[in-house]
$ cat entry_25.txt   # compact mmCIF, C-alpha atoms
# COMPACT_ATOMS: atom_id res chain seq x y z
CA MET V 1 47.34 51.72 -42.26
CA VAL V 2 45.54 55.02 -41.85
CA ARG V 3 42.40 53.21 -40.82
CA VAL V 4 44.31 51.28 -38.17
CA HIS V 5 45.77 54.49 -36.76
CA LEU V 6 42.36 56.12 -36.71
CA TRP V 7 40.89 53.09 -34.98
CA ILE V 8 43.63 53.20 -32.33
CA LEU V 9 43.07 56.90 -31.76
CA PHE V 10 39.32 56.41 -31.55
CA SER V 11 39.82 53.57 -29.09
CA PHE V 12 42.09 55.70 -26.91
CA PHE V 13 39.65 58.61 -26.98
CA SER V 14 36.83 56.26 -26.02
CA PHE V 15 38.98 54.71 -23.31
CA CYS V 16 39.86 58.13 -21.91
CA SER V 17 36.21 59.05 -21.87
CA LEU V 18 35.22 55.82 -20.13
CA PHE V 19 38.08 56.19 -17.65
CA ALA V 20 37.05 59.76 -16.78
CA GLN V 21 33.46 58.65 -16.27
CA ALA V 22 34.56 55.79 -14.03
CA VAL V 23 36.65 58.16 -11.91
CA VAL V 24 33.86 60.69 -11.64
CA THR V 25 31.21 58.27 -10.45
CA THR V 26 33.22 56.48 -7.76
CA CYS V 27 32.10 58.28 -4.61
CA ILE V 28 33.45 57.55 -1.15
CA GLN V 29 30.48 59.57 0.04
CA GLY V 30 27.93 61.84 -1.58
CA SER V 31 25.83 61.89 -4.71
CA GLU V 32 27.17 60.58 -8.02
CA LYS V 33 25.16 63.34 -9.66
CA LYS V 34 27.13 66.09 -7.89
CA THR V 35 30.55 65.75 -9.49
CA GLN V 36 31.37 69.36 -10.39
CA ILE V 37 34.42 69.57 -8.11
CA GLN V 38 35.63 66.08 -9.02
CA ASN V 39 35.39 67.01 -12.72
CA ILE V 40 37.81 69.90 -12.17
CA VAL V 41 40.20 67.76 -10.12
CA VAL V 42 40.54 65.15 -12.88
CA THR V 43 40.52 67.66 -15.75
CA GLN V 44 43.83 69.24 -16.60
CA ALA V 45 44.12 72.87 -15.54
CA PRO V 46 46.44 75.54 -17.00
CA ASP V 47 50.12 74.92 -16.31
CA ASP V 48 50.47 77.69 -13.73
CA SER V 49 47.43 76.82 -11.61
CA PHE V 50 47.53 75.34 -8.12
CA LEU V 51 45.67 72.26 -9.24
CA ARG V 52 48.14 71.71 -12.06
CA TYR V 53 51.01 71.27 -9.60
CA PHE V 54 49.04 68.55 -7.87
CA GLN V 55 48.26 66.82 -11.13
CA VAL V 56 51.91 66.82 -12.18
CA SER V 57 53.03 65.50 -8.78
CA GLN V 58 50.47 62.70 -9.02
CA ASP V 59 50.97 61.95 -12.71
CA LYS V 60 51.84 58.28 -12.40
CA ASN V 61 48.76 56.84 -14.04
CA ILE V 62 49.55 55.15 -17.35
CA VAL V 63 46.17 56.09 -18.77
CA ARG V 64 46.91 59.79 -18.41
CA LYS V 65 50.36 59.32 -19.96
CA VAL V 66 48.87 57.48 -22.90
CA ALA V 67 46.23 60.18 -23.13
CA SER V 68 48.90 62.86 -23.47
CA VAL V 69 50.25 61.08 -26.56
CA VAL V 70 46.95 60.73 -28.35
CA GLY V 71 45.65 64.11 -27.25
CA CYS V 72 42.80 63.41 -24.84
CA ALA V 73 40.77 66.55 -24.32
CA THR V 74 41.34 66.33 -20.56
CA TYR V 75 45.14 66.32 -20.77
CA GLN V 76 47.59 69.13 -21.40
CA THR V 77 51.33 68.57 -21.43
CA PRO V 78 52.74 70.37 -18.38
CA SER V 79 55.24 73.16 -18.85
CA LYS V 80 58.92 72.53 -18.15
CA ASP V 81 58.85 74.88 -15.15
CA VAL V 82 55.96 73.05 -13.52
CA ILE V 83 57.62 69.66 -14.04
CA GLU V 84 60.92 70.89 -12.59
CA ASP V 85 59.17 72.52 -9.62
CA ALA V 86 57.21 69.33 -8.90
CA ALA V 87 60.35 67.21 -9.10
CA GLU V 88 62.23 69.53 -6.75
CA ILE V 89 59.31 69.52 -4.32
CA GLN V 90 59.28 65.72 -4.14
CA GLU V 91 63.06 65.58 -3.62
CA LYS V 92 62.99 68.10 -0.78
CA SER V 93 59.88 66.77 0.97
CA SER V 94 61.02 65.38 4.31
CA GLN V 95 58.35 66.66 6.69
CA ILE V 96 56.33 64.35 8.88
CA LYS V 97 52.94 63.87 7.27
CA VAL V 98 49.42 63.08 8.42
CA LYS V 99 48.21 59.67 7.29
CA ARG V 100 45.79 59.53 4.41
CA GLU V 101 43.33 57.43 6.40
CA CYS V 102 42.90 60.32 8.84
CA PHE V 103 41.95 62.66 5.99
CA VAL V 104 39.40 60.11 4.78
CA ALA V 105 37.91 59.78 8.26
CA SER V 106 37.78 63.56 8.63
CA MET V 107 36.20 64.18 5.24
CA LYS V 108 33.53 61.54 5.88
CA ARG V 109 32.41 63.35 9.04
CA GLU V 110 29.01 64.90 8.58
CA HIS V 111 28.38 68.50 9.55
CA GLY V 112 25.78 71.06 8.67
CA THR V 113 27.90 73.49 6.66
CA ASP V 114 26.72 74.09 3.09
CA GLU V 115 28.90 72.99 0.17
CA PHE V 116 29.25 75.10 -2.97
CA PHE V 117 30.78 74.87 -6.42
CA CYS V 118 32.47 77.88 -8.01
CA PRO V 119 33.70 77.43 -11.59
CA SER V 120 36.25 80.23 -11.14
CA SER V 121 37.61 82.55 -8.46
CA SER V 122 35.95 85.53 -10.13
CA SER V 123 32.51 83.92 -10.34
CA LYS V 124 29.77 85.98 -8.76
CA GLY V 125 27.37 83.06 -8.58
CA ARG V 126 27.92 79.73 -6.88
CA MET V 127 26.10 76.43 -7.15
CA SER V 128 24.79 74.89 -3.95
CA LEU V 129 25.76 71.23 -3.52
CA GLY V 130 23.98 70.59 -0.22
CA VAL V 131 25.81 69.27 2.86
CA PRO V 132 28.26 66.37 3.32
CA SER V 133 26.00 63.31 3.14
CA ASP V 134 24.55 60.93 0.60
CA ASN V 135 23.04 63.94 -1.15
CA GLY V 136 26.07 66.24 -1.03
CA GLN V 137 29.20 66.66 -3.15
CA CYS V 138 30.66 63.42 -4.52
CA LEU V 139 33.77 62.82 -2.40
CA THR V 140 36.32 60.75 -4.30
CA ASP V 141 39.81 59.35 -3.78
CA GLN V 142 41.12 62.09 -6.06
CA ILE V 143 39.63 64.85 -3.91
CA VAL V 144 41.09 63.22 -0.77
CA ASP V 145 44.54 63.02 -2.39
CA TYR V 146 44.31 66.61 -3.59
CA THR V 147 43.33 67.86 -0.14
CA SER V 148 46.08 65.91 1.60
CA TRP V 149 48.69 67.12 -0.90
CA ALA V 150 47.60 70.75 -0.51
CA PHE V 151 47.64 70.53 3.31
CA HIS V 152 51.20 69.23 3.39
CA GLU V 153 52.31 71.61 0.67
CA VAL V 154 51.21 74.72 2.57
CA ILE V 155 53.01 73.47 5.70
CA SER V 156 56.20 72.84 3.73
CA CYS V 157 55.92 76.32 2.25
CA MET V 158 55.10 78.29 5.39
CA SER V 159 56.78 76.39 8.22
CA ASP V 160 59.79 78.11 9.76
CA PRO V 161 62.47 75.55 10.75
CA LYS V 162 63.01 77.52 13.97
CA LYS V 163 59.28 77.53 14.80
CA PRO V 164 57.76 74.78 12.68
CA ILE V 165 54.07 74.30 12.11
CA ASP V 166 52.83 71.24 13.95
CA PRO V 167 50.86 69.17 11.41
CA LEU V 168 48.67 67.58 14.09
CA THR V 169 47.58 70.92 15.54
CA LEU V 170 46.75 72.23 12.09
CA PHE V 171 45.00 68.98 11.22
CA ALA V 172 42.86 69.22 14.35
CA LEU V 173 42.01 72.85 13.58
CA MET V 174 40.93 72.25 9.98
CA ASN V 175 39.16 69.03 10.87
CA ASN V 176 37.04 71.03 13.29
CA GLU V 177 36.50 74.01 10.99
CA SER V 178 35.54 72.27 7.77
CA ALA V 179 36.31 68.54 8.01
CA PHE V 180 38.65 69.36 5.11
CA HIS V 181 35.77 70.15 2.78
CA PHE V 182 37.51 73.13 1.21
CA TYR V 183 34.34 74.07 -0.67
CA VAL V 184 32.13 74.85 2.36
CA ALA V 185 30.80 78.21 3.49
CA SER V 186 28.53 79.51 6.21
CA LYS V 187 27.62 82.79 7.84
CA GLY V 188 30.44 82.16 10.29
CA GLY V 189 33.25 81.57 7.80
CA VAL V 190 34.37 80.42 4.38
CA GLY V 191 36.68 77.70 3.08
CA ILE V 192 38.91 75.10 4.67
CA GLY V 193 39.78 77.31 7.65
CA GLN V 194 36.34 79.00 7.78
CA LEU V 195 37.88 82.43 7.36
CA THR V 196 36.03 85.50 8.60
CA THR V 197 36.30 89.07 7.37
CA SER V 198 38.32 90.06 10.44
CA ALA V 199 40.83 87.24 9.88
CA ILE V 200 41.26 88.20 6.23
CA ASP V 201 41.70 91.83 7.22
CA ALA V 202 44.38 90.90 9.77
CA VAL V 203 46.36 88.90 7.22
CA ASN V 204 46.06 91.66 4.63
CA ASN V 205 47.30 94.28 7.09
CA PRO V 206 50.10 92.69 9.13
CA ASP V 207 51.66 96.11 9.82
CA ARG V 208 48.84 96.88 12.26
CA SER V 209 50.00 94.12 14.63
CA GLY V 210 53.66 94.03 13.70
CA SER V 211 53.24 90.54 12.32
CA ASN V 212 55.07 88.93 9.44
CA ASN V 213 53.66 89.58 5.99
CA TYR V 214 53.14 85.94 5.07
CA ILE V 215 51.59 86.74 1.69
CA GLU V 216 54.62 88.70 0.53
CA GLN V 217 56.99 86.10 1.97
CA ILE V 218 55.39 83.39 -0.16
CA LYS V 219 55.32 85.56 -3.28
CA ASN V 220 59.05 86.27 -2.89
CA SER V 221 60.08 82.82 -1.68
CA ASP V 222 62.49 80.50 -3.50
CA ASN V 223 61.08 77.53 -1.59
CA PRO V 224 59.75 75.15 -4.29
CA HIS V 225 56.81 74.26 -2.04
CA CYS V 226 55.63 77.87 -2.33
CA ALA V 227 55.58 77.86 -6.13
CA PRO V 228 52.07 76.35 -6.43
CA PHE V 229 50.55 79.18 -4.34
CA LYS V 230 52.05 82.19 -6.08
CA LYS V 231 49.52 82.75 -8.85
CA ALA V 232 46.61 82.57 -6.39
CA LEU V 233 48.28 85.29 -4.30
CA ALA V 234 49.15 87.57 -7.23
CA GLU V 235 46.06 89.67 -6.60
CA PRO V 236 45.15 90.59 -3.01
CA LEU V 237 42.06 89.05 -1.47
CA LYS V 238 39.46 91.65 -0.56
CA ASN V 239 38.87 92.08 3.14
CA SER V 240 35.22 91.17 2.86
CA TYR V 241 33.80 88.07 1.16
CA ALA V 242 30.23 89.41 1.42
CA GLY V 243 28.28 88.42 -1.66
CA GLY V 244 31.10 86.42 -3.22
CA TYR V 245 32.59 83.28 -1.69
CA CYS V 246 34.30 82.07 -4.86
CA PRO V 247 37.72 83.69 -4.28
CA LEU V 248 38.04 81.27 -1.33
CA LEU V 249 36.06 78.30 -2.62
CA GLN V 250 37.06 77.71 -6.24
CA PRO V 251 38.79 74.30 -6.31
CA SER V 252 42.14 75.54 -7.58
CA GLY V 253 43.09 79.17 -6.88
CA GLY V 254 40.37 79.58 -4.27
CA PHE V 255 41.57 76.54 -2.35
CA ALA V 256 45.18 77.73 -2.48
CA ARG V 257 44.20 81.19 -1.23
CA SER V 258 42.02 79.77 1.54
CA LEU V 259 44.85 77.56 2.79
CA VAL V 260 47.43 80.34 2.85
CA TYR V 261 45.14 82.84 4.59
CA SER V 262 44.00 80.28 7.17
CA VAL V 263 47.54 79.23 8.06
CA SER V 264 48.69 82.85 8.03
CA TYR V 265 46.04 83.83 10.56
CA TYR V 266 46.93 80.86 12.77
CA LEU V 267 50.63 81.83 12.68
CA MET V 268 49.82 85.49 13.34
CA THR V 269 47.88 84.44 16.42
CA ARG V 270 50.59 82.07 17.64
CA ASP V 271 53.57 84.35 17.11
CA THR V 272 52.22 87.91 17.42
CA LEU V 273 48.60 88.47 18.42
CA MET V 274 48.42 86.50 21.68
CA THR V 275 50.78 88.89 23.43
CA ARG V 276 49.58 88.15 26.97
CA VAL V 277 50.01 84.40 26.57
CA ASN V 278 53.43 84.74 24.95
CA SER V 279 54.54 87.10 27.70
CA PHE V 280 53.17 84.86 30.46
CA LEU V 281 54.74 81.66 29.12
CA GLY V 282 57.98 83.51 28.52
CA LYS V 283 58.13 84.61 32.14
CA LYS V 284 57.47 81.05 33.22
CA GLY V 285 60.36 79.85 31.09
CA GLU V 286 58.01 77.62 29.11
CA GLU V 287 59.66 76.58 25.87
CA ARG V 288 57.56 73.60 24.80
CA ALA V 289 55.95 74.42 21.47
CA SER V 290 52.79 72.43 22.23
CA PHE V 291 51.54 75.07 24.67
CA TYR V 292 51.92 77.83 22.08
CA ASN V 293 50.41 75.70 19.30
CA TYR V 294 47.23 74.88 21.19
CA ALA V 295 46.94 78.32 22.73
CA ALA V 296 46.87 79.69 19.18
CA LEU V 297 44.31 77.06 18.22
CA ALA V 298 42.12 78.15 21.14
CA MET V 299 42.22 81.73 19.91
CA TYR V 300 41.61 80.86 16.27
CA GLY V 301 37.96 80.29 17.14
CA PRO V 302 35.04 82.73 17.17
CA THR V 303 35.87 84.25 20.57
CA ALA V 304 39.48 84.81 19.46
CA LEU V 305 41.77 86.78 21.79
CA ASN V 306 39.06 86.97 24.44
CA GLU V 307 40.25 83.51 25.44
CA GLU V 308 43.73 84.67 26.49
CA SER V 309 42.80 84.83 30.16
CA HIS V 310 41.33 81.31 30.00
CA VAL V 311 44.50 79.97 28.40
CA ILE V 312 46.61 81.54 31.14
CA GLN V 313 44.29 80.14 33.81
CA ALA V 314 44.50 76.69 32.26
CA TYR V 315 48.29 76.82 32.24
CA THR V 316 48.42 77.99 35.86
CA GLU V 317 46.11 75.19 36.99
CA SER V 318 48.10 72.60 35.04
CA LYS V 319 51.41 73.62 36.64
CA GLY V 320 53.16 73.02 33.34
CA ASN V 321 51.69 69.58 32.69
CA PHE V 322 50.50 69.53 29.08
CA THR V 323 47.83 66.86 29.56
CA LYS V 324 46.31 68.82 32.44
CA PHE V 325 46.66 72.02 30.43
CA MET V 326 44.58 70.57 27.58
CA SER V 327 42.02 69.18 30.00
CA ALA V 328 41.60 72.60 31.62
CA MET V 329 41.38 74.31 28.23
CA ARG V 330 38.68 71.89 27.20
CA LYS V 331 36.60 72.84 30.24
CA LYS V 332 37.12 76.58 29.88
CA ILE V 333 37.00 77.15 26.12
CA PRO V 334 34.11 75.73 24.05
CA TYR V 335 36.08 76.01 20.81
CA VAL V 336 38.81 73.76 22.20
CA ALA V 337 36.18 71.29 23.43
CA ASN V 338 34.60 71.22 19.96
CA THR V 339 38.00 70.78 18.30
CA LEU V 340 38.94 67.85 20.52
CA LYS V 341 35.49 66.27 20.06
CA SER V 342 35.92 66.54 16.28
CA ALA V 343 39.35 64.91 16.59
CA GLU V 344 37.82 62.08 18.60
CA ASP V 345 35.31 61.55 15.79
CA VAL V 346 38.27 60.89 13.48
CA ILE V 347 39.97 58.57 15.95
CA THR V 348 36.85 56.49 16.54
CA SER V 349 35.96 56.29 12.86
CA GLU V 350 35.65 52.84 11.32
CA ASP V 351 37.92 54.11 8.53
CA THR V 352 41.03 54.22 10.73
CA ASN V 353 43.02 51.85 12.92
CA ILE V 354 44.35 54.58 15.19
CA LYS V 355 43.92 54.93 18.94
CA ASN V 356 44.87 58.58 19.46
CA LEU V 357 45.46 61.66 17.37
CA GLY V 358 49.23 61.14 17.49
CA ASP V 359 48.77 57.90 15.56
CA CYS V 360 47.65 60.01 12.59
CA LEU V 361 51.29 60.88 11.94
CA GLU V 362 53.23 58.69 9.55
CA PRO V 363 56.20 56.93 11.21
$ encode --input "entry_25.txt" --output "structure tokens"
Amino acid sequence: MVRVHLWILFSFFSFCSLFAQAVVTTCIQGSEKKTQIQNIVVTQAPDDSFLRYFQVSQDKNIVRKVASVVGCATYQTPSKDVIEDAAEIQEKSSQIKVKRECFVASMKREHGTDEFFCPSSSSKGRMSLGVPSDNGQCLTDQIVDYTSWAFHEVISCMSDPKKPIDPLTLFALMNNESAFHFYVASKGGVGIGQLTTSAIDAVNNPDRSGSNNYIEQIKNSDNPHCAPFKKALAEPLKNSYAGGYCPLLQPSGGFARSLVYSVSYYLMTRDTLMTRVNSFLGKKGEERASFYNYAALAMYGPTALNEESHVIQAYTESKGNFTKFMSAMRKKIPYVANTLKSAEDVITSEDTNIKNLGDCLEP
């Protein structure tokens, strides 16, 4: 009898090992040898980590449930709090979401930004993984699902019902900045929103602009969608990432921090920093959120608030017509042109059946 039990356990351990290897080596794009990030995504993290919330929410695979019984090395039973939080999140999730196929198309876009692997947020060193291509990081279904989940989770956490975050605007922004490769960094920015030192500084010091303190709001929030982000925000992010990208690139806490800071800076721009645009549109009686959303997107880029005059000119020329407004912005602001070109790359991808960016929204 004992031998039978041991054989069963050995078989399950072997099966778990084979299953993990199969998951690791199935790349949508990239090198099967560069699986460092995928290994973390499929390996169980501590109960209070950002990644752990994702794993609990996705824990429908019978192999992982069997593994928890026999004690696979890659599985840890989630804490009661994490399970309850995940259940409450699923029950209260009613937001309109971006289709998974659009994330796949975005993440398969090639760009020249370097990819890195950081084993922890406190790591001083980082491993270079190349650039998104056949030789870059192994992109898997699990990484796509994790990225999509995190994107929708930060919106559900930070969106104000009175002034909601438009998922398509944010999708277009992050598609342009990083193609949703949350582990990329360059001289111009770091992470999924390609944060700069000035953007981090603005979020860390909202009192200077009279903006909301989004970090403290999340830390004190009872919204279950905010629970996954709290540990990552427990310690403040330093204003400068010089010499150490890992606090924004590590696949769990670094990713969570990068998302929150990127969305915070976008909201600061939309609601507080672009004072001239807000004042101008207010005087015109313009209440359509789309103008504010894309004006903020225009000023998220490298030329930032210097584009306010161009946004106002574009609105004046459009006479309140949103299509003409976007066309004028595209001509006047290179960052908007690049963002819309990147969105078109998603739309025309062979991985989707969509005809315009709006089709990326689930019905």
$ residues_near_point --input "entry_25.txt" --point "(20.7, 62.4, -8.1)" --cutoff "10 Å" --atoms "all atoms listed in the file" --output "ChimeraX atom specification"
/V:30-34,134-136
$ closest_residue --input "entry_25.txt" --among "V:Tyr146, V:Gln36, V:Asp359, V:Lys108" --to "Val56 in chain V" --atoms "all atoms listed in the file"
V:Tyr146
$ closest_residue --input "entry_25.txt" --among "V:Leu170, V:Cys226, V:Val104, V:Cys118" --to "Asn293 in chain V" --atoms "only C-alpha atoms"
V:Leu170
$ closest_residue --input "entry_25.txt" --among "V:Ala202, V:Ile215, V:Cys27, V:Val184" --to "His111 in chain V" --atoms "all atoms listed in the file"
V:Val184
$ atom_distance --input "entry_25.txt" --atom1 "CA of Leu281 in chain V" --atom2 "CA of Thr169 in chain V"
18.7 Å
$ build_atoms --input "entry_25.txt" --residues "range 118-150 of chain V" --atoms "N, CA and C atoms" --output "PDB file, in the frame of the given file"
ATOM      1  N   CYS V 118      32.161  76.647  -7.280  1.00  0.00           N
ATOM      2  CA  CYS V 118      32.470  77.880  -8.010  1.00  0.00           C
ATOM      3  C   CYS V 118      33.343  77.508  -9.201  1.00  0.00           C
ATOM      4  N   PRO V 119      32.897  77.771 -10.418  1.00  0.00           N
ATOM      5  CA  PRO V 119      33.700  77.430 -11.590  1.00  0.00           C
ATOM      6  C   PRO V 119      34.994  78.214 -11.700  1.00  0.00           C
ATOM      7  N   SER V 120      35.025  79.420 -11.114  1.00  0.00           N
ATOM      8  CA  SER V 120      36.250  80.230 -11.140  1.00  0.00           C
ATOM      9  C   SER V 120      36.281  81.126  -9.907  1.00  0.00           C
ATOM     10  N   SER V 121      37.463  81.672  -9.628  1.00  0.00           N
ATOM     11  CA  SER V 121      37.610  82.550  -8.460  1.00  0.00           C
ATOM     12  C   SER V 121      36.852  83.854  -8.623  1.00  0.00           C
ATOM     13  N   SER V 122      36.624  84.245  -9.870  1.00  0.00           N
ATOM     14  CA  SER V 122      35.950  85.530 -10.130  1.00  0.00           C
ATOM     15  C   SER V 122      34.437  85.375 -10.289  1.00  0.00           C
ATOM     16  N   SER V 123      33.942  84.151 -10.176  1.00  0.00           N
ATOM     17  CA  SER V 123      32.510  83.920 -10.340  1.00  0.00           C
ATOM     18  C   SER V 123      31.699  84.658  -9.288  1.00  0.00           C
ATOM     19  N   LYS V 124      30.638  85.307  -9.713  1.00  0.00           N
ATOM     20  CA  LYS V 124      29.770  85.980  -8.760  1.00  0.00           C
ATOM     21  C   LYS V 124      28.741  85.000  -8.196  1.00  0.00           C
ATOM     22  N   GLY V 125      28.338  84.045  -9.025  1.00  0.00           N
ATOM     23  CA  GLY V 125      27.370  83.060  -8.580  1.00  0.00           C
ATOM     24  C   GLY V 125      28.050  81.778  -8.146  1.00  0.00           C
ATOM     25  N   ARG V 126      27.387  80.999  -7.334  1.00  0.00           N
ATOM     26  CA  ARG V 126      27.920  79.730  -6.880  1.00  0.00           C
ATOM     27  C   ARG V 126      26.780  78.718  -6.832  1.00  0.00           C
ATOM     28  N   MET V 127      27.094  77.481  -7.126  1.00  0.00           N
ATOM     29  CA  MET V 127      26.100  76.430  -7.150  1.00  0.00           C
ATOM     30  C   MET V 127      26.083  75.714  -5.811  1.00  0.00           C
ATOM     31  N   SER V 128      24.911  75.586  -5.222  1.00  0.00           N
ATOM     32  CA  SER V 128      24.790  74.890  -3.950  1.00  0.00           C
ATOM     33  C   SER V 128      24.828  73.383  -4.191  1.00  0.00           C
ATOM     34  N   LEU V 129      25.630  72.683  -3.394  1.00  0.00           N
ATOM     35  CA  LEU V 129      25.760  71.230  -3.520  1.00  0.00           C
ATOM     36  C   LEU V 129      25.169  70.497  -2.319  1.00  0.00           C
ATOM     37  N   GLY V 130      24.549  71.221  -1.412  1.00  0.00           N
ATOM     38  CA  GLY V 130      23.980  70.590  -0.220  1.00  0.00           C
ATOM     39  C   GLY V 130      24.972  70.528   0.913  1.00  0.00           C
ATOM     40  N   VAL V 131      24.887  69.481   1.727  1.00  0.00           N
ATOM     41  CA  VAL V 131      25.810  69.270   2.860  1.00  0.00           C
ATOM     42  C   VAL V 131      26.429  67.896   2.741  1.00  0.00           C
ATOM     43  N   PRO V 132      27.601  67.678   3.405  1.00  0.00           N
ATOM     44  CA  PRO V 132      28.260  66.370   3.320  1.00  0.00           C
ATOM     45  C   PRO V 132      27.349  65.239   3.779  1.00  0.00           C
ATOM     46  N   SER V 133      26.887  64.432   2.847  1.00  0.00           N
ATOM     47  CA  SER V 133      26.000  63.310   3.140  1.00  0.00           C
ATOM     48  C   SER V 133      25.799  62.551   1.844  1.00  0.00           C
ATOM     49  N   ASP V 134      24.839  61.680   1.827  1.00  0.00           N
ATOM     50  CA  ASP V 134      24.550  60.930   0.600  1.00  0.00           C
ATOM     51  C   ASP V 134      24.074  61.852  -0.511  1.00  0.00           C
ATOM     52  N   ASN V 135      23.576  63.033  -0.141  1.00  0.00           N
ATOM     53  CA  ASN V 135      23.040  63.940  -1.150  1.00  0.00           C
ATOM     54  C   ASN V 135      23.984  65.104  -1.464  1.00  0.00           C
ATOM     55  N   GLY V 136      25.148  65.130  -0.823  1.00  0.00           N
ATOM     56  CA  GLY V 136      26.070  66.240  -1.030  1.00  0.00           C
ATOM     57  C   GLY V 136      27.090  65.970  -2.133  1.00  0.00           C
ATOM     58  N   GLN V 137      28.140  66.785  -2.165  1.00  0.00           N
ATOM     59  CA  GLN V 137      29.200  66.660  -3.150  1.00  0.00           C
ATOM     60  C   GLN V 137      29.777  65.246  -3.162  1.00  0.00           C
ATOM     61  N   CYS V 138      30.052  64.742  -4.359  1.00  0.00           N
ATOM     62  CA  CYS V 138      30.660  63.420  -4.520  1.00  0.00           C
ATOM     63  C   CYS V 138      32.117  63.489  -4.054  1.00  0.00           C
ATOM     64  N   LEU V 139      32.401  62.867  -2.918  1.00  0.00           N
ATOM     65  CA  LEU V 139      33.770  62.820  -2.400  1.00  0.00           C
ATOM     66  C   LEU V 139      34.467  61.603  -2.982  1.00  0.00           C
ATOM     67  N   THR V 140      35.598  61.828  -3.633  1.00  0.00           N
ATOM     68  CA  THR V 140      36.320  60.750  -4.300  1.00  0.00           C
ATOM     69  C   THR V 140      37.740  60.620  -3.761  1.00  0.00           C
ATOM     70  N   ASP V 141      38.400  59.543  -4.158  1.00  0.00           N
ATOM     71  CA  ASP V 141      39.810  59.350  -3.780  1.00  0.00           C
ATOM     72  C   ASP V 141      40.668  60.498  -4.305  1.00  0.00           C
ATOM     73  N   GLN V 142      40.336  61.001  -5.493  1.00  0.00           N
ATOM     74  CA  GLN V 142      41.120  62.090  -6.060  1.00  0.00           C
ATOM     75  C   GLN V 142      41.014  63.367  -5.234  1.00  0.00           C
ATOM     76  N   ILE V 143      39.811  63.655  -4.737  1.00  0.00           N
ATOM     77  CA  ILE V 143      39.630  64.850  -3.910  1.00  0.00           C
ATOM     78  C   ILE V 143      40.364  64.692  -2.583  1.00  0.00           C
ATOM     79  N   VAL V 144      40.347  63.483  -2.004  1.00  0.00           N
ATOM     80  CA  VAL V 144      41.090  63.220  -0.770  1.00  0.00           C
ATOM     81  C   VAL V 144      42.581  63.436  -1.000  1.00  0.00           C
ATOM     82  N   ASP V 145      43.108  62.878  -2.084  1.00  0.00           N
ATOM     83  CA  ASP V 145      44.540  63.020  -2.390  1.00  0.00           C
ATOM     84  C   ASP V 145      44.914  64.474  -2.620  1.00  0.00           C
ATOM     85  N   TYR V 146      44.071  65.193  -3.317  1.00  0.00           N
ATOM     86  CA  TYR V 146      44.310  66.610  -3.590  1.00  0.00           C
ATOM     87  C   TYR V 146      44.348  67.414  -2.297  1.00  0.00           C
ATOM     88  N   THR V 147      43.403  67.142  -1.408  1.00  0.00           N
ATOM     89  CA  THR V 147      43.330  67.860  -0.140  1.00  0.00           C
ATOM     90  C   THR V 147      44.543  67.559   0.737  1.00  0.00           C
ATOM     91  N   SER V 148      44.916  66.299   0.820  1.00  0.00           N
ATOM     92  CA  SER V 148      46.080  65.910   1.600  1.00  0.00           C
ATOM     93  C   SER V 148      47.353  66.548   1.046  1.00  0.00           C
ATOM     94  N   TRP V 149      47.511  66.505  -0.258  1.00  0.00           N
ATOM     95  CA  TRP V 149      48.690  67.120  -0.900  1.00  0.00           C
ATOM     96  C   TRP V 149      48.754  68.610  -0.586  1.00  0.00           C
ATOM     97  N   ALA V 150      47.638  69.298  -0.732  1.00  0.00           N
ATOM     98  CA  ALA V 150      47.600  70.750  -0.510  1.00  0.00           C
ATOM     99  C   ALA V 150      47.922  71.094   0.940  1.00  0.00           C
TER     100      ALA V 150
END
